[in-house]
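Q: For reference, the file entry16.txt (compact mmCIF, C-alpha atoms) is included below:
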```txt
# COMPACT_ATOMS: atom_id res chain seq x y z
CA MET O 1 0.00 0.00 0.00
CA ILE O 2 1.48 3.31 -1.02
CA GLY O 3 2.05 5.52 1.90
CA THR O 4 0.08 8.66 2.21
CA SER O 5 2.63 10.70 4.13
CA PHE O 6 3.51 14.10 2.79
CA ILE O 7 7.02 13.10 1.88
CA THR O 8 5.75 10.12 -0.07
CA GLN O 9 3.37 12.35 -1.98
CA ILE O 10 6.11 14.81 -2.77
CA GLY O 11 8.37 12.01 -3.86
CA MET O 12 5.71 10.59 -6.13
CA LEU O 13 5.04 14.01 -7.57
CA ILE O 14 8.73 14.55 -8.27
CA LEU O 15 8.88 11.11 -9.88
CA VAL O 16 5.88 11.89 -12.07
CA VAL O 17 7.34 15.18 -13.19
CA GLY O 18 10.72 13.58 -13.78
CA ILE O 19 9.30 10.75 -15.89
CA MET O 20 7.23 13.19 -17.90
CA PHE O 21 10.00 15.61 -18.64
CA PHE O 22 12.94 13.26 -18.93
CA TYR O 23 11.37 10.26 -20.64
CA ILE O 24 7.89 10.76 -22.03
CA GLU O 25 8.40 14.17 -23.56
CA PRO O 26 11.71 13.36 -25.32
CA THR O 27 10.33 10.01 -26.45
CA LEU O 28 7.28 11.69 -27.95
CA THR O 29 9.60 14.07 -29.79
CA ASN O 30 11.61 11.11 -31.03
CA ILE O 31 8.42 9.37 -32.15
CA GLY O 32 7.53 12.45 -34.19
CA LYS O 33 10.96 12.39 -35.83
CA LEU O 34 10.66 8.69 -36.54
CA GLN O 35 7.30 9.22 -38.20
CA ASP O 36 8.70 12.02 -40.36
CA SER O 37 11.71 9.91 -41.24
CA THR O 38 9.57 6.92 -42.13
CA LEU O 39 7.33 9.08 -44.31
CA THR O 40 10.32 10.65 -46.06
CA HIS O 41 11.96 7.31 -46.71
CA SER O 42 8.70 5.88 -47.97
CA GLU O 43 8.23 8.76 -50.42
CA GLU O 44 11.80 8.54 -51.64
CA GLN O 45 11.49 4.79 -52.06
CA LYS O 46 8.37 5.30 -54.19
CA LYS O 47 10.20 7.86 -56.34
CA ILE O 48 13.17 5.57 -56.85
CA THR O 49 10.90 2.65 -57.66
CA ALA O 50 9.14 4.81 -60.25
CA VAL O 51 12.52 5.81 -61.74
CA ASN O 52 13.62 2.18 -61.85
CA GLN O 53 10.41 1.20 -63.60
CA ARG O 54 10.80 4.03 -66.11
CA LEU O 55 14.42 3.05 -66.71
CA PHE O 56 13.38 -0.56 -67.20
CA SER O 57 10.70 0.38 -69.73
CA LEU O 58 13.14 2.65 -71.63
CA THR O 59 15.74 -0.12 -71.66
CA GLU O 60 13.12 -2.50 -73.03
CA GLU O 61 12.29 0.03 -75.75
CA ILE O 62 15.94 0.32 -76.69
CA ASN O 63 16.36 -3.46 -76.73
CA ALA O 64 13.32 -3.69 -79.02
CA ILE O 65 14.92 -1.41 -81.64
CA PRO O 66 15.93 -3.58 -84.60
CA ALA O 67 19.64 -4.13 -85.03
CA ARG O 68 19.42 -2.76 -88.57
CA SER O 69 18.00 0.53 -87.31
CA MET O 70 20.76 0.84 -84.73
CA SER O 71 23.31 0.08 -87.41
CA LEU O 72 21.87 2.79 -89.67
CA LEU O 73 21.92 5.20 -86.75
CA GLY O 74 25.55 4.36 -86.13
CA THR O 75 26.30 4.89 -89.82
CA TYR O 76 24.49 8.24 -89.87
CA LEU O 77 26.33 9.55 -86.83
CA PRO O 78 29.32 7.35 -86.10
CA SER O 79 31.17 7.43 -82.81
CA THR O 80 34.53 7.35 -84.56
CA PHE O 81 35.58 9.08 -87.75
CA ASN O 82 37.76 7.86 -90.58
CA HIS O 83 38.48 10.52 -93.23
CA VAL O 84 39.89 7.93 -95.64
CA SER O 85 36.54 6.11 -95.74
CA VAL O 86 34.72 9.33 -96.50
CA SER O 87 37.23 10.22 -99.22
CA ARG O 88 36.74 6.78 -100.72
CA ASP O 89 32.95 7.23 -100.66
CA LEU O 90 33.28 10.59 -102.42
CA SER O 91 35.44 8.97 -105.06
CA VAL O 92 32.86 6.23 -105.62
CA MET O 93 30.08 8.81 -105.96
CA ALA O 94 32.13 10.78 -108.46
CA ASP O 95 32.64 7.61 -110.49
CA LEU O 96 28.94 6.77 -110.35
CA ALA O 97 27.99 10.28 -111.44
CA GLY O 98 30.53 10.31 -114.25
CA VAL O 99 32.53 13.31 -113.06
CA GLU O 100 36.24 13.53 -112.53
CA LEU O 101 37.32 13.93 -108.92
CA THR O 102 40.30 16.25 -109.18
CA THR O 103 40.75 17.06 -105.48
CA VAL O 104 39.57 15.59 -102.22
CA GLN O 105 41.21 16.90 -99.09
CA TYR O 106 40.35 16.49 -95.43
CA ASP O 107 40.48 19.93 -93.77
CA GLY O 108 40.10 18.75 -90.21
CA VAL O 109 37.48 19.64 -87.61
CA ALA O 110 35.40 22.79 -87.82
CA GLU O 111 35.94 25.26 -85.01
CA VAL O 112 33.45 25.35 -82.18
CA THR O 113 33.11 28.54 -80.17
CA LEU O 114 32.52 28.56 -76.44
CA ASP O 115 29.08 30.10 -77.03
CA GLU O 116 28.04 27.19 -79.23
CA LEU O 117 29.34 24.65 -76.77
CA ASN O 118 26.90 23.09 -74.36
CA VAL O 119 29.00 20.82 -72.19
CA ASN O 120 25.97 18.83 -71.10
CA GLN O 121 24.90 18.24 -74.69
CA PRO O 122 27.83 19.05 -77.01
CA PRO O 123 27.13 19.28 -80.73
CA PRO O 124 28.42 16.59 -83.07
CA THR O 125 31.96 17.05 -84.35
CA GLU O 126 31.97 18.59 -87.82
CA HIS O 127 34.57 17.35 -90.29
CA LEU O 128 35.29 19.39 -93.41
CA PHE O 129 36.41 18.26 -96.83
CA SER O 130 37.49 20.33 -99.83
CA VAL O 131 36.41 18.59 -103.03
CA SER O 132 36.83 19.52 -106.67
CA VAL O 133 35.07 17.76 -109.49
CA ALA O 134 34.97 18.46 -113.19
CA GLY O 135 32.47 17.43 -115.80
CA PRO O 136 29.25 18.38 -117.50
CA TYR O 137 26.66 20.31 -115.53
CA PHE O 138 24.05 17.58 -115.21
CA GLN O 139 26.63 15.04 -114.09
CA ILE O 140 27.91 17.46 -111.46
CA LYS O 141 24.30 17.86 -110.40
CA GLN O 142 23.99 14.06 -110.22
CA PHE O 143 27.09 13.99 -108.01
CA LEU O 144 25.39 16.50 -105.69
CA THR O 145 22.29 14.30 -105.70
CA TYR O 146 24.36 11.32 -104.58
CA LEU O 147 25.82 13.45 -101.78
CA GLU O 148 22.29 14.21 -100.56
CA GLN O 149 21.14 10.61 -100.75
CA ASN O 150 24.08 9.17 -98.85
CA ASN O 151 23.60 7.03 -95.72
CA TYR O 152 25.37 9.64 -93.65
CA PRO O 153 25.20 13.41 -94.04
CA LEU O 154 27.48 15.03 -96.57
CA ASP O 155 26.28 18.62 -96.31
CA VAL O 156 27.41 21.09 -98.96
CA LYS O 157 28.59 24.17 -97.06
CA GLU O 158 30.07 25.97 -100.06
CA LEU O 159 29.76 25.42 -103.78
CA SER O 160 31.33 27.26 -106.66
CA LEU O 161 30.57 26.37 -110.28
CA THR O 162 32.77 27.96 -112.90
CA ASN O 163 34.18 27.20 -116.28
CA GLY O 164 37.68 25.81 -116.16
CA GLU O 165 40.26 24.29 -118.42
CA MET O 166 38.71 20.87 -118.07
CA GLY O 167 35.19 22.12 -118.61
CA LEU O 168 32.77 22.91 -115.85
CA GLN O 169 34.55 22.87 -112.51
CA ALA O 170 32.84 22.56 -109.13
CA GLU O 171 34.63 23.46 -105.91
CA LEU O 172 32.87 22.21 -102.82
CA VAL O 173 33.30 22.35 -99.07
CA ILE O 174 31.51 19.36 -97.63
CA ALA O 175 30.79 18.68 -93.98
CA THR O 176 30.16 15.35 -92.34
CA TYR O 177 29.66 14.59 -88.66
CA SER O 178 30.63 12.23 -85.89
CA GLU O 179 29.66 12.08 -82.24
CA ALA O 180 31.03 14.86 -80.04
CA SER O 181 34.62 14.40 -79.03
CA SER O 182 35.60 15.06 -75.40
CA VAL O 183 39.08 16.13 -76.54
CA ILE O 184 37.62 18.91 -78.67
CA ILE O 185 35.37 20.04 -75.83
CA GLU O 186 38.33 20.29 -73.49
CA ASP O 187 40.31 22.23 -76.08
CA VAL O 188 37.48 24.75 -76.50
CA ILE O 189 37.09 25.20 -72.75
CA GLN O 190 40.82 25.73 -72.32
CA MET J 1 -17.80 19.65 36.00
CA PRO J 2 -19.18 16.28 34.93
CA GLY J 3 -22.80 17.22 35.11
CA SER J 4 -22.48 20.37 33.13
CA SER J 5 -21.99 18.61 29.75
CA ASN J 6 -25.02 16.36 30.28
CA SER J 7 -27.35 19.24 31.04
CA SER J 8 -27.23 20.78 27.56
CA PHE J 9 -29.37 19.13 24.85
CA ILE J 10 -26.94 20.35 22.22
CA PRO J 11 -24.18 17.78 22.10
CA LYS J 12 -20.77 19.33 22.19
CA ARG J 13 -18.31 18.25 19.60
CA ASN J 14 -15.10 16.57 20.60
CA PRO J 15 -12.37 19.03 19.66
CA GLN J 16 -9.91 16.19 18.93
CA GLN J 17 -12.34 14.52 16.59
CA GLN J 18 -12.87 17.83 14.81
CA GLU J 19 -9.20 18.39 14.31
CA ARG J 20 -8.70 14.89 13.01
CA ARG J 21 -11.46 15.15 10.39
CA ASP J 22 -10.25 18.24 8.45
CA PRO J 23 -6.70 17.16 7.62
CA ARG J 24 -7.97 13.77 6.35
CA ARG J 25 -10.12 15.44 3.58
CA GLN J 26 -7.26 17.62 2.18
CA VAL J 27 -4.76 14.78 2.04
CA PHE J 28 -7.23 12.46 0.27
CA VAL J 29 -7.75 14.80 -2.73
CA GLY J 30 -4.06 15.51 -3.20
CA THR J 31 -3.15 11.89 -2.75
CA PHE J 32 -5.79 10.83 -5.25
CA VAL J 33 -4.53 13.27 -7.85
CA ILE J 34 -0.92 12.32 -7.33
CA ARG J 35 -1.71 8.61 -7.47
CA VAL J 36 -3.72 9.06 -10.66
CA LEU J 37 -0.88 11.03 -12.20
CA PHE J 38 1.65 8.43 -11.10
CA PHE J 39 -0.22 5.52 -12.60
CA ALA J 40 -1.00 7.52 -15.73
CA VAL J 41 2.66 8.31 -16.18
CA LEU J 42 3.58 4.67 -15.70
CA VAL J 43 1.04 3.54 -18.28
CA SER J 44 2.08 6.30 -20.67
CA SER J 45 5.72 5.33 -20.31
CA VAL J 46 4.95 1.74 -21.18
CA LEU J 47 2.79 2.75 -24.15
CA VAL J 48 5.34 5.26 -25.41
CA PHE J 49 8.07 2.63 -25.12
CA PHE J 50 6.20 0.11 -27.26
CA VAL J 51 5.11 2.71 -29.82
CA GLU J 52 8.66 3.94 -30.19
CA ARG J 53 9.94 0.40 -30.63
CA GLN J 54 7.38 -0.34 -33.32
CA LEU J 55 8.10 2.88 -35.17
CA LYS J 56 11.83 2.18 -35.04
CA SER J 57 11.34 -1.22 -36.65
CA ALA J 58 9.03 0.30 -39.29
CA ASN J 59 11.60 2.99 -40.01
CA THR J 60 14.34 0.38 -40.29
CA ALA J 61 12.19 -1.57 -42.76
CA GLU J 62 11.61 1.57 -44.86
CA ILE J 63 15.31 2.37 -44.89
CA SER J 64 16.05 -1.19 -45.95
CA ALA J 65 13.49 -0.98 -48.76
CA LEU J 66 14.99 2.32 -49.87
CA ASP J 67 18.50 0.84 -49.90
CA THR J 68 17.23 -2.09 -51.95
CA ALA J 69 15.58 0.26 -54.45
CA ILE J 70 18.77 2.33 -54.72
CA ALA J 71 20.88 -0.81 -55.17
CA SER J 72 18.61 -2.05 -57.96
CA PHE J 73 19.20 1.15 -59.98
CA ASN J 74 21.41 0.27 -62.94
CA GLU J 75 23.68 3.21 -63.70
CA ALA J 76 25.13 1.59 -66.80
CA GLU J 77 21.68 1.22 -68.34
CA MET J 78 20.88 4.80 -67.40
CA GLN J 79 24.00 6.02 -69.18
CA ARG J 80 23.09 3.89 -72.20
CA VAL J 81 19.65 5.49 -72.33
CA ILE J 82 21.10 8.99 -71.94
CA ASN J 83 23.71 8.38 -74.65
CA LEU J 84 21.11 7.12 -77.11
CA HIS J 85 18.84 10.03 -76.27
CA HIS J 86 21.64 12.53 -76.98
CA LYS J 87 22.54 10.75 -80.19
CA LEU J 88 18.94 10.80 -81.39
CA GLU J 89 18.69 14.51 -80.57
CA GLN J 90 21.84 15.22 -82.54
CA VAL J 91 20.57 13.18 -85.49
CA ASN J 92 17.26 15.00 -85.29
CA ASP J 93 19.11 18.34 -85.41
CA ARG J 94 21.10 17.19 -88.43
CA LEU J 95 17.93 16.12 -90.20
CA ARG J 96 16.21 19.38 -89.32
CA TYR J 97 19.05 21.46 -90.70
CA SER J 98 19.51 19.37 -93.83
CA ALA J 99 18.60 21.03 -97.09
CA SER J 100 18.81 20.17 -100.76
CA VAL J 101 21.42 22.07 -102.78
CA VAL J 102 20.17 20.27 -105.89
CA SER J 103 16.81 21.98 -105.38
CA ILE J 104 18.58 25.36 -105.49
CA LEU J 105 20.26 24.46 -108.76
CA THR J 106 16.94 23.25 -110.18
CA ALA J 107 15.25 26.49 -109.12
CA ILE J 108 18.06 28.47 -110.77
CA GLU J 109 17.76 26.40 -113.95
CA ASN J 110 14.05 27.09 -114.08
CA SER J 111 14.49 30.80 -113.41
CA ILE J 112 17.24 31.81 -115.79
CA THR J 113 15.70 33.02 -118.98
CA ASP J 114 16.70 31.80 -122.40
CA SER J 115 18.35 35.06 -123.29
CA ASN J 116 20.71 35.01 -120.29
CA TYR J 117 23.69 32.87 -119.46
CA LEU J 118 25.14 31.84 -116.15
CA THR J 119 28.91 32.17 -115.97
CA LYS J 120 29.32 31.42 -112.31
CA ILE J 121 27.33 30.02 -109.39
CA ALA J 122 28.68 30.55 -105.89
CA LEU J 123 26.74 29.16 -102.97
CA GLU J 124 27.43 29.32 -99.26
CA ARG J 125 25.41 28.22 -96.25
CA ILE J 126 25.43 30.70 -93.40
CA ASP J 127 25.56 29.05 -89.96
CA GLU J 128 23.21 26.21 -90.88
CA GLY J 129 20.65 28.79 -91.84
CA SER J 130 19.93 30.37 -95.17
CA PHE J 131 21.92 29.78 -98.31
CA GLU J 132 23.57 32.80 -99.89
CA VAL J 133 23.77 32.34 -103.63
CA GLU J 134 25.65 34.62 -105.94
CA LEU J 135 24.99 34.23 -109.64
CA THR J 136 27.08 35.88 -112.29
CA VAL J 137 24.82 36.31 -115.29
CA ARG J 138 25.54 37.53 -118.76
CA ALA J 139 22.67 39.20 -120.57
CA GLN J 140 22.39 40.61 -124.03
CA ASP J 141 20.60 43.80 -123.11
CA PHE J 142 19.06 45.69 -120.22
CA ASN J 143 15.60 44.35 -121.03
CA SER J 144 16.93 40.86 -120.39
CA VAL J 145 18.31 42.01 -117.05
CA LEU J 146 14.99 43.49 -116.02
CA PHE J 147 13.06 40.48 -117.23
CA GLN J 148 15.45 38.20 -115.35
CA GLU J 149 14.90 40.17 -112.16
CA LYS J 150 11.15 39.94 -112.60
CA ILE J 151 11.23 36.19 -113.13
CA LEU J 152 13.43 35.66 -110.08
CA LYS J 153 11.15 37.75 -107.89
CA GLU J 154 8.27 35.45 -108.77
CA ASN J 155 10.27 32.41 -107.76
CA GLN J 156 9.11 30.76 -104.53
CA VAL J 157 12.50 29.34 -103.64
CA LEU J 158 14.89 32.12 -104.59
CA SER J 159 14.70 35.49 -102.86
CA VAL J 160 16.61 38.14 -104.79
CA GLN J 161 18.39 40.54 -102.46
CA GLU J 162 20.23 42.79 -104.88
CA ILE J 163 21.65 43.15 -108.32
CA ASP J 164 25.11 44.62 -108.39
CA ASP J 165 28.36 44.77 -110.34
CA LEU J 166 26.43 45.61 -113.48
CA VAL J 167 29.05 45.88 -116.23
CA VAL J 168 28.41 46.64 -119.84
CA GLU J 169 31.02 44.96 -121.94
CA PRO J 170 31.66 46.44 -125.34
CA PRO J 171 31.71 44.04 -128.23
CA SER J 172 35.07 42.41 -128.54
CA ALA J 173 36.10 39.79 -131.05
CA GLU J 174 38.88 38.28 -128.97
CA GLY J 175 39.55 37.61 -125.36
CA GLN J 176 35.92 37.60 -124.36
CA GLU J 177 34.95 34.85 -122.04
CA GLU J 178 32.82 32.26 -123.74
CA VAL J 179 30.03 30.53 -122.01
CA VAL J 180 29.66 26.84 -122.86
CA THR J 181 31.05 27.56 -126.34
CA ILE J 182 27.98 29.49 -127.35
CA ASP J 183 28.76 32.37 -129.61
CA LEU J 184 27.47 35.46 -127.91
CA ASP J 185 26.03 38.43 -129.65
CA PRO J 186 28.34 41.41 -129.46
CA GLY J 187 27.78 43.72 -126.50
CA THR J 188 26.86 41.99 -123.31
CA ILE J 189 25.95 42.99 -119.80
CA THR J 190 27.34 41.12 -116.85
CA PHE J 191 25.77 41.41 -113.44
CA ASN J 192 25.71 39.63 -110.12
CA LEU J 193 22.57 38.45 -108.44
CA LEU J 194 22.63 38.00 -104.69
CA ILE J 195 19.98 35.54 -103.65
CA LEU J 196 18.96 34.19 -100.29
CA VAL J 197 17.37 30.77 -100.04
CA ASP J 198 15.32 29.73 -97.03
CA PRO J 199 16.31 26.13 -96.21
CA SER J 200 12.71 25.33 -95.30
CA ARG J 201 11.86 25.78 -98.97
CA ILE J 202 14.44 23.25 -100.12
CA PRO J 203 13.77 20.14 -98.02
CA HIS J 204 15.91 17.11 -98.35
CA THR J 205 14.58 14.69 -100.93
CA LEU J 206 14.08 11.08 -99.93
CA PRO J 207 16.31 8.72 -101.87
CA THR J 208 14.63 6.34 -104.27
CA ALA J 209 17.30 3.78 -103.44
CA ALA J 210 20.14 3.81 -100.94
CA ILE J 211 23.50 4.59 -102.42
CA ASP J 212 25.83 1.75 -101.55
CA THR J 213 29.32 3.17 -101.74
CA SER J 214 30.94 0.05 -100.36
CA VAL J 215 30.28 -2.07 -103.44
CA PRO J 216 31.40 -0.96 -106.90
CA ALA J 217 28.52 -0.43 -109.32
CA THR J 218 27.91 -3.51 -111.43
CA GLN J 219 25.61 -1.78 -113.90
CA PRO J 220 26.37 1.42 -115.77
CA VAL J 221 24.63 4.44 -114.35
CA SER J 222 22.17 6.12 -116.64
CA VAL J 223 23.44 9.67 -116.95
CA PRO J 224 21.38 12.34 -118.67
CA ALA J 225 22.84 13.52 -121.95
CA THR J 226 25.21 16.41 -121.46
CA ALA J 227 24.27 19.74 -122.98
CA THR J 228 25.31 20.21 -126.56
CA THR J 229 26.66 23.47 -127.86
CA SER J 230 23.95 24.12 -130.42
CA ASP J 231 20.77 23.20 -128.67
CA SER J 232 21.79 23.53 -125.07
CA ASN J 233 19.58 24.96 -122.43
CA ASN J 234 20.96 28.45 -122.46
CA SER J 235 20.40 28.81 -118.78
CA ALA J 236 22.79 26.00 -117.90
CA LEU J 237 26.50 26.53 -117.47
```
Would you write the structure of this file as structure tokens?

A:
Amino acid sequence: MIGTSFITQIGMLILVVGIMFFYIEPTLTNIGKLQDSTLTHSEEQKKITAVNQRLFSLTEEINAIPARSMSLLGTYLPSTFNHVSVSRDLSVMADLAGVELTTVQYDGVAEVTLDELNVNQPPPTEHLFSVSVAGPYFQIKQFLTYLEQNNYPLDVKELSLTNGEMGLQAELVIATYSEASSVIIEDVIQ
Amino acid sequence: MPGSSNSSFIPKRNPQQQERRDPRRQVFVGTFVIRVLFFAVLVSSVLVFFVERQLKSANTAEISALDTAIASFNEAEMQRVINLHHKLEQVNDRLRYSASVVSILTAIENSITDSNYLTKIALERIDEGSFEVELTVRAQDFNSVLFQEKILKENQVLSVQEIDDLVVEPPSAEGQEEVVTIDLDPGTITFNLLILVDPSRIPHTLPTAAIDTSVPATQPVSVPATATTSDSNNSAL
């Protein structure tokens, strides 16, 4: 039986106050934090699960792309560049069109200014060629048609058609592209 | 006196009993409150303890689920998706900026009048935008020049900006530049036409068949007959 003396009552009162302030109140605060933490973790877990599902569906879409399409994409914008292959292709087109390829020269990479450069999404690397062909007008035009119909871009940046010693002479600056090069980006930034 | 208390009909209270009664009522209320508080605190402590324990285990489970979700994220696949996305954007840009130079030449062919002759075509694309075309034309008289300007202004593809470097060349038997071996009438006017071409008006044409440059052609290519000197299209070079 709990005593009813004054000292006992005071002691009990002190105990009650002590338990309330030194255990119950901090524990309730901790419970609040735990609830917030649980809610936050739950929300983040849902977000990450949604991201994982989206990533999975995108990966499935990519895997469903036919190999031929991926190959054509790689041909259109290759990751590596070989100027000899392009020169050979230009020579074949000139032969097909019936014009004489007098000059084909690789002029290197076009300059990229810092304003044009977006480091997060750099533009493709532009490779320039100087080409000269000679022949009749309609065959030169056919050569230009072949350039436009190629599996990868061969954009005519400059064209000059004049009469020369060998007949009609066309001087072209042609651009083709490959995926952005990190070396070039670093050079521009420096 | 012993008889004095028994003579009054009003019973006298015992002072000791009176003193004992009052303190007992005050202590009972305080004691009751304190005891209620004490037991309430004990019960609350137990409840709070179990609630905290349960929430801790729930929080641990959520953290574990979050760690599992993070661990299941495949960074390599993410990079693969991002790379392909960037590549497709770049290809899309290339396709958007592509334009047909052959269409410009065709438009020029269709615009140059029979009485005029092209001696030079110079074409340059400005920053993946418009094409700047400079034509050097030889006309026989000023009426031809004016007529040529009128025809070009009606053209949907070519936008004439200016006519300059108008030069009247006196008739000369020798040393005059010939254009595709056509004998020109004496006295000619040479002028430059500066034309702008909007690339949206010269879209890329779809190929009828892919050009395979890796395999040599096994069949001869059908090439249109080249222009002859006597019956050539006078507008062609």

Q: Which residues are close to Ala139 of chain J, i.e. within 6 Å by all atoms listed in the file, leaving aside same-chain residues fewer than 3 positions away? Reply as a ChimeraX atom specification.

A: /J:116,144,188-189

Q: Kindly provide, as an MDAnalysis selection string, the residues of chain O having any atom no farther than 7 Å from an atom of chain J, counting all atoms listed in the file.

A: chainID O and resid 4 9 12:13 16 20 24 27 31 34 38 41:42 45 48:49 52 55 59 77 89 92 96 121 123:124 136:139 141 144:145 148:150 157:162

Q: For those residues, write C-alpha atoms to a file as a PDB file, in the frame of the given file.

A:
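Okay, part_10.pdb is ready:
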```pdb
ATOM      1  CA  THR O   4       0.080   8.660   2.210  1.00  0.00           C
ATOM      2  CA  GLN O   9       3.370  12.350  -1.980  1.00  0.00           C
ATOM      3  CA  MET O  12       5.710  10.590  -6.130  1.00  0.00           C
ATOM      4  CA  LEU O  13       5.040  14.010  -7.570  1.00  0.00           C
ATOM      5  CA  VAL O  16       5.880  11.890 -12.070  1.00  0.00           C
ATOM      6  CA  MET O  20       7.230  13.190 -17.900  1.00  0.00           C
ATOM      7  CA  ILE O  24       7.890  10.760 -22.030  1.00  0.00           C
ATOM      8  CA  THR O  27      10.330  10.010 -26.450  1.00  0.00           C
ATOM      9  CA  ILE O  31       8.420   9.370 -32.150  1.00  0.00           C
ATOM     10  CA  LEU O  34      10.660   8.690 -36.540  1.00  0.00           C
ATOM     11  CA  THR O  38       9.570   6.920 -42.130  1.00  0.00           C
ATOM     12  CA  HIS O  41      11.960   7.310 -46.710  1.00  0.00           C
ATOM     13  CA  SER O  42       8.700   5.880 -47.970  1.00  0.00           C
ATOM     14  CA  GLN O  45      11.490   4.790 -52.060  1.00  0.00           C
ATOM     15  CA  ILE O  48      13.170   5.570 -56.850  1.00  0.00           C
ATOM     16  CA  THR O  49      10.900   2.650 -57.660  1.00  0.00           C
ATOM     17  CA  ASN O  52      13.620   2.180 -61.850  1.00  0.00           C
ATOM     18  CA  LEU O  55      14.420   3.050 -66.710  1.00  0.00           C
ATOM     19  CA  THR O  59      15.740  -0.120 -71.660  1.00  0.00           C
ATOM     20  CA  LEU O  77      26.330   9.550 -86.830  1.00  0.00           C
ATOM     21  CA  ASP O  89      32.950   7.230-100.660  1.00  0.00           C
ATOM     22  CA  VAL O  92      32.860   6.230-105.620  1.00  0.00           C
ATOM     23  CA  LEU O  96      28.940   6.770-110.350  1.00  0.00           C
ATOM     24  CA  GLN O 121      24.900  18.240 -74.690  1.00  0.00           C
ATOM     25  CA  PRO O 123      27.130  19.280 -80.730  1.00  0.00           C
ATOM     26  CA  PRO O 124      28.420  16.590 -83.070  1.00  0.00           C
ATOM     27  CA  PRO O 136      29.250  18.380-117.500  1.00  0.00           C
ATOM     28  CA  TYR O 137      26.660  20.310-115.530  1.00  0.00           C
ATOM     29  CA  PHE O 138      24.050  17.580-115.210  1.00  0.00           C
ATOM     30  CA  GLN O 139      26.630  15.040-114.090  1.00  0.00           C
ATOM     31  CA  LYS O 141      24.300  17.860-110.400  1.00  0.00           C
ATOM     32  CA  LEU O 144      25.390  16.500-105.690  1.00  0.00           C
ATOM     33  CA  THR O 145      22.290  14.300-105.700  1.00  0.00           C
ATOM     34  CA  GLU O 148      22.290  14.210-100.560  1.00  0.00           C
ATOM     35  CA  GLN O 149      21.140  10.610-100.750  1.00  0.00           C
ATOM     36  CA  ASN O 150      24.080   9.170 -98.850  1.00  0.00           C
ATOM     37  CA  LYS O 157      28.590  24.170 -97.060  1.00  0.00           C
ATOM     38  CA  GLU O 158      30.070  25.970-100.060  1.00  0.00           C
ATOM     39  CA  LEU O 159      29.760  25.420-103.780  1.00  0.00           C
ATOM     40  CA  SER O 160      31.330  27.260-106.660  1.00  0.00           C
ATOM     41  CA  LEU O 161      30.570  26.370-110.280  1.00  0.00           C
ATOM     42  CA  THR O 162      32.770  27.960-112.900  1.00  0.00           C
TER      43      THR O 162
END
```

Q: Could you jot down the atom CA of Glu154 of chain J to atom CA of Pro203 of chain J separation for me, Å, one decimal place?

A: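 Separation between atom CA of Glu154 of chain J and atom CA of Pro203 of chain J: 19.5 Å.
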
Q: As an exercise, work out the distance from atom CA of Gly167 of chain O to atom CA of Gly135 of chain O in Å and give it to one decimal place.

A: 6.1 Å

Q: For the atom pair atom CA of Val167 of chain J and atom CA of Thr113 of chain J, what is the interatomic distance in Å to one decimal place?

A: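 Between atom CA of Val167 of chain J and atom CA of Thr113 of chain J the gap is 18.7 Å.
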
Q: For each of O:Gln105, O:Asn151, O:Ser57, O:Ser71, take the minimum atom-to-atom distance to Tyr177 of chain O, counting only C-alpha atoms, then give the residue where this is smallest.

A: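 Once distances to Tyr177 of chain O are computed over only C-alpha atoms, the minimum belongs to O:Asn151.
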
Q: What's the 10 Å shell around Tyr152 of chain O, counting all atoms listed in the file, without same-chain residues fewer than 4 positions away, as a ChimeraX atom specification?

A: /O:72-78,86,147-148,176-178

Q: So which one's closest to Ala175 of chain O, O:Ser132, O:Thr125, O:Thr80, O:Gln53? Using all atoms listed in the file, please.

A: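 For Ala175 of chain O, the nearest of the candidates is O:Thr125.
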
Q: Between J:Val29, J:Val43, J:Val137, J:Ile82, single out the one closest to Leu58 of chain O, counting all atoms listed in the file.

A: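 Under the stated criterion, the closest residue is J:Ile82.
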